[in-house]
Amino acid sequence: MKRCIATLLFIGAVLATSPVFAGPFTNDMAECLVRSTTPAERNELMRWMFVAIDQHPAVRSLAHIPRAQRTAIARKTGALFQRLITVSCRTQVRRAVQYEGPASIQVGFEALGSAAARGLFTDPHVAKYMAGMARYLDKKKLAQALGPLPTAAK
């Protein structure tokens, strides 16, 4: 069973660059995955995504996450994925894979990842920091590049 799950997740990851059909069974699975996670579990998913992003050479020097912590986060996320696939959303996952193919796993977990990311980017501290970047923009250059903007219809 573990091998089957690993294979499905691997296939989803490999196909991440390919367009994937999201049919009704995939949509049901995606909704179940999101509905079946708590805000705390989505926070754990954000932590896992952060650790994964930290593996990229362009950002690797920005965070120093100890190996034991990376392992613990991966273990927790693996347990979450396993529960979602084998218990909470078992029927929806089976139907999506059966009727719409293994790549449907990618779409379902992208929806879950998007739900977690919404929690990240809607946090007031994160939003404030991101908005702060605007003070470094040259408004005159932006206005020149954009040209006159259309006015709203009255």
# chains A, B, ... in the order shown; residues from 1 in each chain; ligands from 1
$ residues_around --residues "A:Arg42" --least-positions-apart "4" --cutoff "8 Å" --atoms "only C-alpha atoms" --output "MDAnalysis selection string"
chainID A and resid 37:38 46 112 115:116 119
$ write_last_selection --atoms "C-alpha atoms" --output "PDB file, in the first residue's frame"
ATOM      1  CA  THR A  37      -7.794  19.190   7.165  1.00  0.00           C
ATOM      2  CA  THR A  38      -7.837  21.509  10.125  1.00  0.00           C
ATOM      3  CA  MET A  46       2.827  25.344   5.032  1.00  0.00           C
ATOM      4  CA  LEU A 112      -4.848  21.549  -0.581  1.00  0.00           C
ATOM      5  CA  ALA A 115      -5.689  26.405   0.740  1.00  0.00           C
ATOM      6  CA  ALA A 116      -2.598  26.331   2.951  1.00  0.00           C
ATOM      7  CA  GLY A 119      -3.599  31.002   5.061  1.00  0.00           C
TER       8      GLY A 119
END
$ residues_around --residues "A:Tyr99" --least-positions-apart "2" --cutoff "10 Å" --atoms "only C-alpha atoms" --output "number ranges by chain"
A: 23-26, 94-97, 101-102, 104
$ write_last_selection --atoms "N, CA and C atoms" --output "PDB file, in the first residue's frame"
ATOM      1  N   GLY A  23     -11.629  16.696 -13.613  1.00  0.00           N
ATOM      2  CA  GLY A  23     -13.016  16.311 -13.791  1.00  0.00           C
ATOM      3  C   GLY A  23     -13.764  16.289 -12.477  1.00  0.00           C
ATOM      4  N   PRO A  24     -14.997  15.835 -12.504  1.00  0.00           N
ATOM      5  CA  PRO A  24     -15.832  15.867 -11.308  1.00  0.00           C
ATOM      6  C   PRO A  24     -15.296  15.010 -10.154  1.00  0.00           C
ATOM      7  N   PHE A  25     -14.660  13.886 -10.466  1.00  0.00           N
ATOM      8  CA  PHE A  25     -14.125  13.039  -9.391  1.00  0.00           C
ATOM      9  C   PHE A  25     -12.899  13.686  -8.750  1.00  0.00           C
ATOM     10  N   THR A  26     -12.087  14.325  -9.581  1.00  0.00           N
ATOM     11  CA  THR A  26     -10.920  15.041  -9.059  1.00  0.00           C
ATOM     12  C   THR A  26     -11.367  16.217  -8.208  1.00  0.00           C
ATOM     13  N   ARG A  94      -9.885   7.134  -4.592  1.00  0.00           N
ATOM     14  CA  ARG A  94     -10.007   5.936  -5.435  1.00  0.00           C
ATOM     15  C   ARG A  94     -10.793   6.243  -6.709  1.00  0.00           C
ATOM     16  N   ARG A  95     -11.902   6.952  -6.568  1.00  0.00           N
ATOM     17  CA  ARG A  95     -12.726   7.274  -7.751  1.00  0.00           C
ATOM     18  C   ARG A  95     -11.981   8.191  -8.708  1.00  0.00           C
ATOM     19  N   ALA A  96     -11.292   9.199  -8.161  1.00  0.00           N
ATOM     20  CA  ALA A  96     -10.552  10.130  -9.023  1.00  0.00           C
ATOM     21  C   ALA A  96      -9.473   9.388  -9.812  1.00  0.00           C
ATOM     22  N   VAL A  97      -8.722   8.533  -9.139  1.00  0.00           N
ATOM     23  CA  VAL A  97      -7.653   7.794  -9.817  1.00  0.00           C
ATOM     24  C   VAL A  97      -8.251   6.795 -10.807  1.00  0.00           C
ATOM     25  N   GLY A 101      -7.551   9.089 -13.706  1.00  0.00           N
ATOM     26  CA  GLY A 101      -6.127   8.804 -13.788  1.00  0.00           C
ATOM     27  C   GLY A 101      -5.320   9.250 -12.573  1.00  0.00           C
ATOM     28  N   PRO A 102      -4.111   8.699 -12.462  1.00  0.00           N
ATOM     29  CA  PRO A 102      -3.244   8.991 -11.325  1.00  0.00           C
ATOM     30  C   PRO A 102      -2.854  10.463 -11.222  1.00  0.00           C
ATOM     31  N   SER A 104      -4.665  12.863 -11.275  1.00  0.00           N
ATOM     32  CA  SER A 104      -5.666  13.590 -10.490  1.00  0.00           C
ATOM     33  C   SER A 104      -5.160  13.866  -9.073  1.00  0.00           C
TER      34      SER A 104
END
$ select_by_dssp --residues "chain A" --states "alpha helix (DSSP H)" --output "number ranges by chain"
A: 2-14, 24-35, 39-54, 67-83, 90-100, 104-121, 124-132, 139-146
$ write_last_selection --atoms "C-alpha atoms" --output "tab-separated table (two decimals), in the first residue's frame"
chain	number	residue	atom	x	y	z
A	2	LYS	CA	2.80	2.44	0.90
A	3	ARG	CA	4.40	1.70	-2.44
A	4	CYS	CA	1.12	2.46	-4.24
A	5	ILE	CA	0.74	5.79	-2.43
A	6	ALA	CA	4.35	6.71	-3.07
A	7	THR	CA	3.91	5.85	-6.74
A	8	LEU	CA	0.78	7.98	-7.04
A	9	LEU	CA	2.46	10.93	-5.33
A	10	PHE	CA	5.55	10.51	-7.51
A	11	ILE	CA	3.43	10.44	-10.64
A	12	GLY	CA	1.64	13.58	-9.51
A	13	ALA	CA	4.95	15.32	-8.90
A	14	VAL	CA	6.38	14.23	-12.25
A	24	PRO	CA	-15.83	15.87	-11.31
A	25	PHE	CA	-14.12	13.04	-9.39
A	26	THR	CA	-10.92	15.04	-9.06
A	27	ASN	CA	-12.90	18.05	-7.88
A	28	ASP	CA	-14.68	15.89	-5.28
A	29	MET	CA	-11.33	14.60	-4.09
A	30	ALA	CA	-9.82	18.09	-3.89
A	31	GLU	CA	-12.81	19.36	-1.90
A	32	CYS	CA	-12.50	16.40	0.47
A	33	LEU	CA	-8.77	16.97	0.99
A	34	VAL	CA	-9.33	20.62	1.92
A	35	ARG	CA	-12.42	19.92	4.02
A	39	PRO	CA	-6.26	24.97	10.14
A	40	ALA	CA	-3.45	23.49	12.28
A	41	GLU	CA	-2.84	20.75	9.68
A	42	ARG	CA	-2.76	23.34	6.90
A	43	ASN	CA	-0.18	25.26	8.98
A	44	GLU	CA	1.89	22.06	9.15
A	45	LEU	CA	1.55	21.76	5.38
A	46	MET	CA	2.83	25.34	5.03
A	47	ARG	CA	5.83	24.42	7.18
A	48	TRP	CA	6.53	21.43	4.92
A	49	MET	CA	6.27	23.60	1.78
A	50	PHE	CA	8.64	26.13	3.37
A	51	VAL	CA	11.20	23.41	4.11
A	52	ALA	CA	10.83	22.09	0.55
A	53	ILE	CA	11.35	25.57	-0.92
A	54	ASP	CA	14.39	26.00	1.33
A	67	ARG	CA	17.98	18.10	9.64
A	68	ALA	CA	16.03	16.66	12.59
A	69	GLN	CA	13.39	19.36	12.22
A	70	ARG	CA	13.15	18.80	8.45
A	71	THR	CA	12.71	15.08	9.08
A	72	ALA	CA	10.04	15.64	11.73
A	73	ILE	CA	8.10	17.98	9.44
A	74	ALA	CA	8.30	15.50	6.53
A	75	ARG	CA	7.17	12.68	8.82
A	76	LYS	CA	4.17	14.70	10.05
A	77	THR	CA	3.21	15.66	6.50
A	78	GLY	CA	3.56	12.05	5.34
A	79	ALA	CA	1.20	10.96	8.11
A	80	LEU	CA	-1.27	13.68	7.08
A	81	PHE	CA	-1.16	12.63	3.41
A	82	GLN	CA	-1.55	8.99	4.35
A	83	ARG	CA	-4.59	9.73	6.53
A	90	ARG	CA	-10.29	7.22	0.50
A	91	THR	CA	-13.44	6.89	-1.63
A	92	GLN	CA	-12.88	10.19	-3.43
A	93	VAL	CA	-9.20	9.41	-4.11
A	94	ARG	CA	-10.01	5.94	-5.43
A	95	ARG	CA	-12.73	7.27	-7.75
A	96	ALA	CA	-10.55	10.13	-9.02
A	97	VAL	CA	-7.65	7.79	-9.82
A	98	GLN	CA	-9.95	5.12	-11.28
A	99	TYR	CA	-11.95	7.42	-13.54
A	100	GLU	CA	-9.58	10.31	-14.20
A	104	SER	CA	-5.67	13.59	-10.49
A	105	ILE	CA	-3.64	13.24	-7.27
A	106	GLN	CA	-1.62	16.27	-8.36
A	107	VAL	CA	-4.72	18.43	-8.76
A	108	GLY	CA	-6.16	17.36	-5.43
A	109	PHE	CA	-3.02	18.13	-3.50
A	110	GLU	CA	-2.49	21.39	-5.41
A	111	ALA	CA	-5.91	22.46	-4.10
A	112	LEU	CA	-4.85	21.55	-0.58
A	113	GLY	CA	-1.56	23.41	-1.05
A	114	SER	CA	-3.45	26.45	-2.32
A	115	ALA	CA	-5.69	26.41	0.74
A	116	ALA	CA	-2.60	26.33	2.95
A	117	ALA	CA	-0.95	29.14	0.97
A	118	ARG	CA	-4.07	31.30	1.32
A	119	GLY	CA	-3.60	31.00	5.06
A	120	LEU	CA	-0.01	32.15	4.65
A	121	PHE	CA	-0.65	35.13	2.40
A	124	PRO	CA	-1.67	40.26	8.51
A	125	HIS	CA	2.08	40.10	9.23
A	126	VAL	CA	2.85	38.55	5.85
A	127	ALA	CA	0.53	40.95	4.01
A	128	LYS	CA	2.11	43.96	5.74
A	129	TYR	CA	5.61	42.86	4.79
A	130	MET	CA	4.61	42.19	1.18
A	131	ALA	CA	2.86	45.55	0.89
A	132	GLY	CA	5.97	47.25	2.28
A	139	LYS	CA	5.86	55.53	-9.11
A	140	LYS	CA	6.81	57.85	-12.01
A	141	LYS	CA	8.44	54.99	-13.92
A	142	LEU	CA	5.43	52.77	-13.26
A	143	ALA	CA	3.06	55.47	-14.52
A	144	GLN	CA	5.17	55.90	-17.67
A	145	ALA	CA	5.28	52.16	-18.29
A	146	LEU	CA	1.55	51.71	-17.79
$ atom_distance --atom1 "atom CA of A:His64" --atom2 "atom CA of A:Asp123"
22.8 Å
$ decode --residues "stretch 49-123 of chain A" --atoms "C-alpha atoms" --output "PDB file, in the first residue's frame"
ATOM      1  CA  MET A  49       6.269  23.598   1.782  1.00  0.00           C
ATOM      2  CA  PHE A  50       8.635  26.132   3.371  1.00  0.00           C
ATOM      3  CA  VAL A  51      11.197  23.410   4.107  1.00  0.00           C
ATOM      4  CA  ALA A  52      10.826  22.095   0.551  1.00  0.00           C
ATOM      5  CA  ILE A  53      11.355  25.575  -0.918  1.00  0.00           C
ATOM      6  CA  ASP A  54      14.391  26.004   1.328  1.00  0.00           C
ATOM      7  CA  GLN A  55      16.050  23.152  -0.567  1.00  0.00           C
ATOM      8  CA  HIS A  56      16.394  25.348  -3.676  1.00  0.00           C
ATOM      9  CA  PRO A  57      19.908  26.804  -4.048  1.00  0.00           C
ATOM     10  CA  ALA A  58      18.551  30.318  -4.672  1.00  0.00           C
ATOM     11  CA  VAL A  59      17.045  30.531  -1.181  1.00  0.00           C
ATOM     12  CA  ARG A  60      19.000  27.913   0.744  1.00  0.00           C
ATOM     13  CA  SER A  61      21.113  30.501   2.571  1.00  0.00           C
ATOM     14  CA  LEU A  62      18.056  32.340   3.947  1.00  0.00           C
ATOM     15  CA  ALA A  63      16.965  29.698   6.442  1.00  0.00           C
ATOM     16  CA  HIS A  64      18.866  27.190   8.515  1.00  0.00           C
ATOM     17  CA  ILE A  65      16.503  24.354   9.348  1.00  0.00           C
ATOM     18  CA  PRO A  66      18.158  21.532  11.257  1.00  0.00           C
ATOM     19  CA  ARG A  67      17.983  18.097   9.636  1.00  0.00           C
ATOM     20  CA  ALA A  68      16.029  16.659  12.589  1.00  0.00           C
ATOM     21  CA  GLN A  69      13.391  19.363  12.222  1.00  0.00           C
ATOM     22  CA  ARG A  70      13.152  18.805   8.447  1.00  0.00           C
ATOM     23  CA  THR A  71      12.712  15.083   9.075  1.00  0.00           C
ATOM     24  CA  ALA A  72      10.039  15.643  11.731  1.00  0.00           C
ATOM     25  CA  ILE A  73       8.096  17.981   9.445  1.00  0.00           C
ATOM     26  CA  ALA A  74       8.300  15.501   6.535  1.00  0.00           C
ATOM     27  CA  ARG A  75       7.172  12.675   8.819  1.00  0.00           C
ATOM     28  CA  LYS A  76       4.170  14.700  10.050  1.00  0.00           C
ATOM     29  CA  THR A  77       3.212  15.658   6.496  1.00  0.00           C
ATOM     30  CA  GLY A  78       3.558  12.052   5.338  1.00  0.00           C
ATOM     31  CA  ALA A  79       1.200  10.965   8.110  1.00  0.00           C
ATOM     32  CA  LEU A  80      -1.271  13.679   7.085  1.00  0.00           C
ATOM     33  CA  PHE A  81      -1.158  12.634   3.408  1.00  0.00           C
ATOM     34  CA  GLN A  82      -1.548   8.986   4.353  1.00  0.00           C
ATOM     35  CA  ARG A  83      -4.594   9.726   6.529  1.00  0.00           C
ATOM     36  CA  LEU A  84      -6.168  11.813   3.791  1.00  0.00           C
ATOM     37  CA  ILE A  85      -5.580   9.198   1.091  1.00  0.00           C
ATOM     38  CA  THR A  86      -6.339   6.063   3.082  1.00  0.00           C
ATOM     39  CA  VAL A  87      -9.004   7.194   5.555  1.00  0.00           C
ATOM     40  CA  SER A  88     -10.579  10.644   5.259  1.00  0.00           C
ATOM     41  CA  CYS A  89     -10.868  10.825   1.471  1.00  0.00           C
ATOM     42  CA  ARG A  90     -10.295   7.215   0.498  1.00  0.00           C
ATOM     43  CA  THR A  91     -13.437   6.887  -1.627  1.00  0.00           C
ATOM     44  CA  GLN A  92     -12.875  10.194  -3.432  1.00  0.00           C
ATOM     45  CA  VAL A  93      -9.198   9.412  -4.110  1.00  0.00           C
ATOM     46  CA  ARG A  94     -10.007   5.936  -5.435  1.00  0.00           C
ATOM     47  CA  ARG A  95     -12.726   7.274  -7.751  1.00  0.00           C
ATOM     48  CA  ALA A  96     -10.552  10.130  -9.023  1.00  0.00           C
ATOM     49  CA  VAL A  97      -7.653   7.794  -9.817  1.00  0.00           C
ATOM     50  CA  GLN A  98      -9.950   5.118 -11.280  1.00  0.00           C
ATOM     51  CA  TYR A  99     -11.953   7.418 -13.542  1.00  0.00           C
ATOM     52  CA  GLU A 100      -9.579  10.313 -14.205  1.00  0.00           C
ATOM     53  CA  GLY A 101      -6.127   8.804 -13.788  1.00  0.00           C
ATOM     54  CA  PRO A 102      -3.244   8.991 -11.325  1.00  0.00           C
ATOM     55  CA  ALA A 103      -2.473  12.591 -12.313  1.00  0.00           C
ATOM     56  CA  SER A 104      -5.666  13.590 -10.490  1.00  0.00           C
ATOM     57  CA  ILE A 105      -3.643  13.236  -7.266  1.00  0.00           C
ATOM     58  CA  GLN A 106      -1.620  16.275  -8.356  1.00  0.00           C
ATOM     59  CA  VAL A 107      -4.724  18.429  -8.764  1.00  0.00           C
ATOM     60  CA  GLY A 108      -6.162  17.362  -5.433  1.00  0.00           C
ATOM     61  CA  PHE A 109      -3.017  18.127  -3.496  1.00  0.00           C
ATOM     62  CA  GLU A 110      -2.495  21.390  -5.406  1.00  0.00           C
ATOM     63  CA  ALA A 111      -5.912  22.459  -4.102  1.00  0.00           C
ATOM     64  CA  LEU A 112      -4.848  21.549  -0.581  1.00  0.00           C
ATOM     65  CA  GLY A 113      -1.559  23.415  -1.050  1.00  0.00           C
ATOM     66  CA  SER A 114      -3.454  26.454  -2.324  1.00  0.00           C
ATOM     67  CA  ALA A 115      -5.689  26.405   0.740  1.00  0.00           C
ATOM     68  CA  ALA A 116      -2.598  26.331   2.951  1.00  0.00           C
ATOM     69  CA  ALA A 117      -0.952  29.139   0.967  1.00  0.00           C
ATOM     70  CA  ARG A 118      -4.070  31.302   1.322  1.00  0.00           C
ATOM     71  CA  GLY A 119      -3.599  31.002   5.061  1.00  0.00           C
ATOM     72  CA  LEU A 120      -0.010  32.148   4.646  1.00  0.00           C
ATOM     73  CA  PHE A 121      -0.646  35.132   2.399  1.00  0.00           C
ATOM     74  CA  THR A 122      -3.738  36.364   4.252  1.00  0.00           C
ATOM     75  CA  ASP A 123      -1.856  36.548   7.543  1.00  0.00           C
TER      76      ASP A 123
END
